[in-house]
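A.B. asks: Attaching a single structure in structure tokens format; questions to follow.
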Number of protein chains: 2
Amino acid sequence: MVLYDLVNRSKTHFSPNSWRVRMALAHKGLDFEVRDVLFGTIKGISPEQKLTIPTIDHDGRLVTDSWAIVQYLDQAFPDTPRLIAPGTDGHVTQFFQYWVQTTVHAGIARLILLDLHNSLEPSDQAYFRASREKQFHKTLEDIQAGREERVDAFRKSLQPLRLAVGSHGFVGGEKPCYADYLAFGGFQWARISSPFKLLAEDDLVHGWFERCLDLYGGMGRRDAAAT
Amino acid sequence: MVLYDLVNRSKTHFSPNSWRVRMALAHKGLDFEVRDVLFGTIKGISPEQKLTIPTIDHDGRLVTDSWAIVQYLDQAFPDTPRLIAPGTDGHVTQFFQYWVQTTVHAGIARLILLDLHNSLEPSDQAYFRASREKQFHKTLEDIQAGREERVDAFRKSLQPLRLAVGSHGFVGGEKPCYADYLAFGGFQWARISSPFKLLAEDDLVHGWFERCLDLYGGMGRRDAAAT
């Protein structure tokens, strides 16, 4: 099992959607080898298929997109703990992914996107700037500006996650589930890409994130935080 | 099976948490009789127990709190479709409830709470005003003020729900699940209590809400919208 993953110029792995898959692989007890790519070398993975990161290669079969990868892993390894239930329960987990996308990822982007740009290999920076500035209709500098005044609103927007992890430790209860990994990916993306203090130390979400970093032998800590 | 439910002075049922339970009962195909109460007469349901609305009475057993009621129904009627899965999947549904509480209910309250007050029986209004003004640290008039300028932000906050129901029709996929009923309760609370136009007609969330109103023989439409 190979996981193609993005690195920055410190060779740390920052992709939030890859972290979902890394945690999913570890949850299932599946070994994997990581092959590092840059934004500029993704197209070299396969000459035929249009791929994004994360992509896995399992016995020569390329699967791309985190949701599709986790569904594939559930099917290919039916004796491992399932992460996305078929039917209704899986759809509620998909809602959670939409919440992460629109609240966690979109919120964090507005706080760290310039730092993230600066952490990239210089050869990736022009592509990253152009694509994100087109998406946000603003310069990276303007996207990140005023973050000290805006971080409180971001922290407030995490209230449903705070209530969930405050009740039981993880979104999934006493043990983490795929929803935890979906949210974890966003905060890990920030941890690796920016020294900005996203969460207060006494925030229940901070405690939950530290617990996620401890999972699977501290897998998430092996990639160093930005300084 | 008896459901104790709140009515306003038009004798329509506005409690968002009761609507969750009504939809849950219908989803399971369980017949129930409704007994109307006012805020001021809840304490008359049982001299011994401290109850809130919704409360059900099933063969003399009183169960209160919507989450506890639905879990009770899942256990008491194991041959009916289950609404809250045990373990992890149920916890993700509980996250959805937290999202409804912090985004849908809290957002709607700031748009309609004075209208809701005015729709109540006069004997309930003083209690309602005092308890909500204490909770929000504002008068009902101030809570609702400026809603025309604030409704866009509320609509934007629904984006994860919009993505979910836009993909499949319901949060649960092609058929509704308890998450749909959790969100439905909030919008039904607004529909019954206020003529304020919460959603644009072309919003996917509006289309989903209309589909929810159609469920179970149009059960949700039997209580008339506020005019």
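By convention here, the chains of the structure tokens are called A, B, ... in the order presented, each chain's residues are numbered starting at 1, and ligands are numbered starting at 1 in the order presented.
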Could you work out which residues of chain A fall inside 10 Å of chain B? Count only C-alpha atoms, and format the result as JSON, numbers by chain.
C.D. replies: {"A": [83, 84, 85, 87, 88, 89, 90, 91, 92, 93, 94, 95, 96, 97, 98, 99, 100, 101, 102, 103, 156, 157, 158, 159, 160, 161, 162, 163, 164, 165, 167, 168, 170, 171, 172, 173, 174, 175, 176, 177, 178, 179, 180]}
A.B. asks: I'd like the neighbourhood of segment 33-45 of chain A as a VMD selection string, where a residue qualifies if any of its atoms comes within 9 Å (using only C-alpha atoms), though same-chain residues fewer than 4 positions away should be ignored.
C.D. replies: chain A and resid 1 to 8 11 13 49 to 53 120 to 121 123 to 124 127 to 128
A.B. asks: Using the selection just defined, write its residues with N, CA, C and O atoms as a short mmCIF file (atom, residue, chain, number, x, y, z; two decimals), in the first residue's frame.
C.D. replies:
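The resulting selection_31.cif:
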data_model
loop_
_atom_site.label_atom_id
_atom_site.label_comp_id
_atom_site.auth_asym_id
_atom_site.auth_seq_id
_atom_site.Cartn_x
_atom_site.Cartn_y
_atom_site.Cartn_z
N MET A 1 0.85 -1.20 0.00
CA MET A 1 0.00 0.00 0.00
C MET A 1 0.88 1.24 0.00
O MET A 1 1.69 1.43 0.91
N VAL A 2 0.67 2.05 -1.00
CA VAL A 2 1.43 3.31 -1.10
C VAL A 2 0.46 4.48 -0.96
O VAL A 2 -0.62 4.47 -1.55
N LEU A 3 0.84 5.47 -0.16
CA LEU A 3 0.08 6.72 -0.08
C LEU A 3 0.93 7.83 -0.70
O LEU A 3 2.05 8.08 -0.25
N TYR A 4 0.42 8.44 -1.74
CA TYR A 4 1.07 9.63 -2.30
C TYR A 4 0.61 10.84 -1.50
O TYR A 4 -0.60 11.05 -1.33
N ASP A 5 1.57 11.59 -1.00
CA ASP A 5 1.21 12.70 -0.12
C ASP A 5 2.08 13.92 -0.42
O ASP A 5 3.24 13.79 -0.83
N LEU A 6 1.51 15.08 -0.19
CA LEU A 6 2.20 16.35 -0.43
C LEU A 6 3.16 16.68 0.71
O LEU A 6 2.84 16.45 1.87
N VAL A 7 4.31 17.24 0.36
CA VAL A 7 5.22 17.79 1.38
C VAL A 7 5.50 19.27 1.08
O VAL A 7 5.41 19.72 -0.06
N ASN A 8 5.83 19.97 2.17
CA ASN A 8 6.30 21.35 2.03
C ASN A 8 7.83 21.35 2.01
O ASN A 8 8.45 20.29 1.91
N LYS A 11 9.70 19.15 4.33
CA LYS A 11 9.36 17.73 4.10
C LYS A 11 8.34 17.22 5.11
O LYS A 11 8.29 16.02 5.42
N HIS A 13 4.20 16.78 6.11
CA HIS A 13 3.00 16.44 5.33
C HIS A 13 1.82 17.27 5.84
O HIS A 13 1.41 17.11 6.98
N GLN A 49 -4.24 8.84 -15.61
CA GLN A 49 -5.36 9.28 -14.77
C GLN A 49 -5.11 10.69 -14.22
O GLN A 49 -3.98 11.04 -13.90
N LYS A 50 -6.18 11.45 -14.11
CA LYS A 50 -6.09 12.76 -13.45
C LYS A 50 -6.27 12.52 -11.96
O LYS A 50 -7.35 12.16 -11.49
N LEU A 51 -5.21 12.70 -11.19
CA LEU A 51 -5.23 12.36 -9.78
C LEU A 51 -5.12 13.61 -8.92
O LEU A 51 -4.59 14.64 -9.35
N THR A 52 -5.63 13.51 -7.70
CA THR A 52 -5.41 14.55 -6.69
C THR A 52 -4.77 13.87 -5.48
O THR A 52 -4.69 12.64 -5.42
N ILE A 53 -4.35 14.67 -4.52
CA ILE A 53 -3.79 14.12 -3.28
C ILE A 53 -4.86 14.22 -2.20
O ILE A 53 -5.47 15.28 -2.06
N LEU A 120 5.73 26.33 1.71
CA LEU A 120 5.86 25.41 0.56
C LEU A 120 7.22 25.51 -0.09
O LEU A 120 7.92 26.53 0.03
N GLU A 121 7.59 24.46 -0.82
CA GLU A 121 8.76 24.53 -1.71
C GLU A 121 8.57 25.73 -2.63
O GLU A 121 7.48 25.94 -3.18
N SER A 123 9.16 26.16 -5.61
CA SER A 123 8.63 25.79 -6.94
C SER A 123 7.12 25.58 -6.93
O SER A 123 6.48 25.61 -7.98
N ASP A 124 6.52 25.36 -5.74
CA ASP A 124 5.06 25.18 -5.63
C ASP A 124 4.33 26.49 -5.34
O ASP A 124 3.09 26.54 -5.42
N TYR A 127 2.02 28.39 -8.19
CA TYR A 127 0.76 27.67 -8.45
C TYR A 127 -0.22 27.86 -7.29
O TYR A 127 -1.40 28.15 -7.48
N PHE A 128 0.30 27.70 -6.06
CA PHE A 128 -0.57 27.78 -4.89
C PHE A 128 -1.19 29.17 -4.77
O PHE A 128 -2.40 29.31 -4.56
#
A.B. asks: Smallest atom-to-atom distance to Pro78 of chain B: which of B:Arg61, B:Thr12, B:Trp19, B:Lys28, using only C-alpha atoms?
C.D. replies: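 Once distances to Pro78 of chain B are computed over only C-alpha atoms, the minimum belongs to B:Lys28.
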A.B. asks: Would you please extract all strand (DSSP E) residues from segment 12-211 of chain A, as assigned by DSSP on the backbone, and give them as a PyMOL selection string?
C.D. replies: chain A and resi 33-37+55-58+61-64
A.B. asks: Can you pull out every residue from segment 37-201 of chain A that DSSP, working from the backbone, puts in alpha helix (DSSP H), and format the result as an MDAnalysis selection string?
C.D. replies: chainID A and resid 66:76 88:99 106:119 122:136 140:144 147:157 159:168 178:193
A.B. asks: Name all residues at most 9 Å from Leu199 of chain A (count only C-alpha atoms; drop same-chain ones fewer than 6 positions away) and give them as a JSON list (two decimals) with C-alpha atoms, in the first residue's frame.
C.D. replies:
[["chain", "number", "residue", "atom", "x", "y", "z"],
["A", 151, "VAL", "CA", -9.86, 34.01, 15.52],
["A", 155, "ARG", "CA", -13.29, 29.37, 17.80],
["A", 205, "VAL", "CA", -11.22, 21.12, 21.19],
["A", 206, "HIS", "CA", -7.52, 21.62, 21.98]]
A.B. asks: For the atom pair atom CA of Ala126 of chain A and atom CA of Leu140 of chain A, what is the interatomic distance in Å to one decimal place?
C.D. replies: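 Computing the Euclidean distance for atom CA of Ala126 of chain A and atom CA of Leu140 of chain A yields 11.5 Å.
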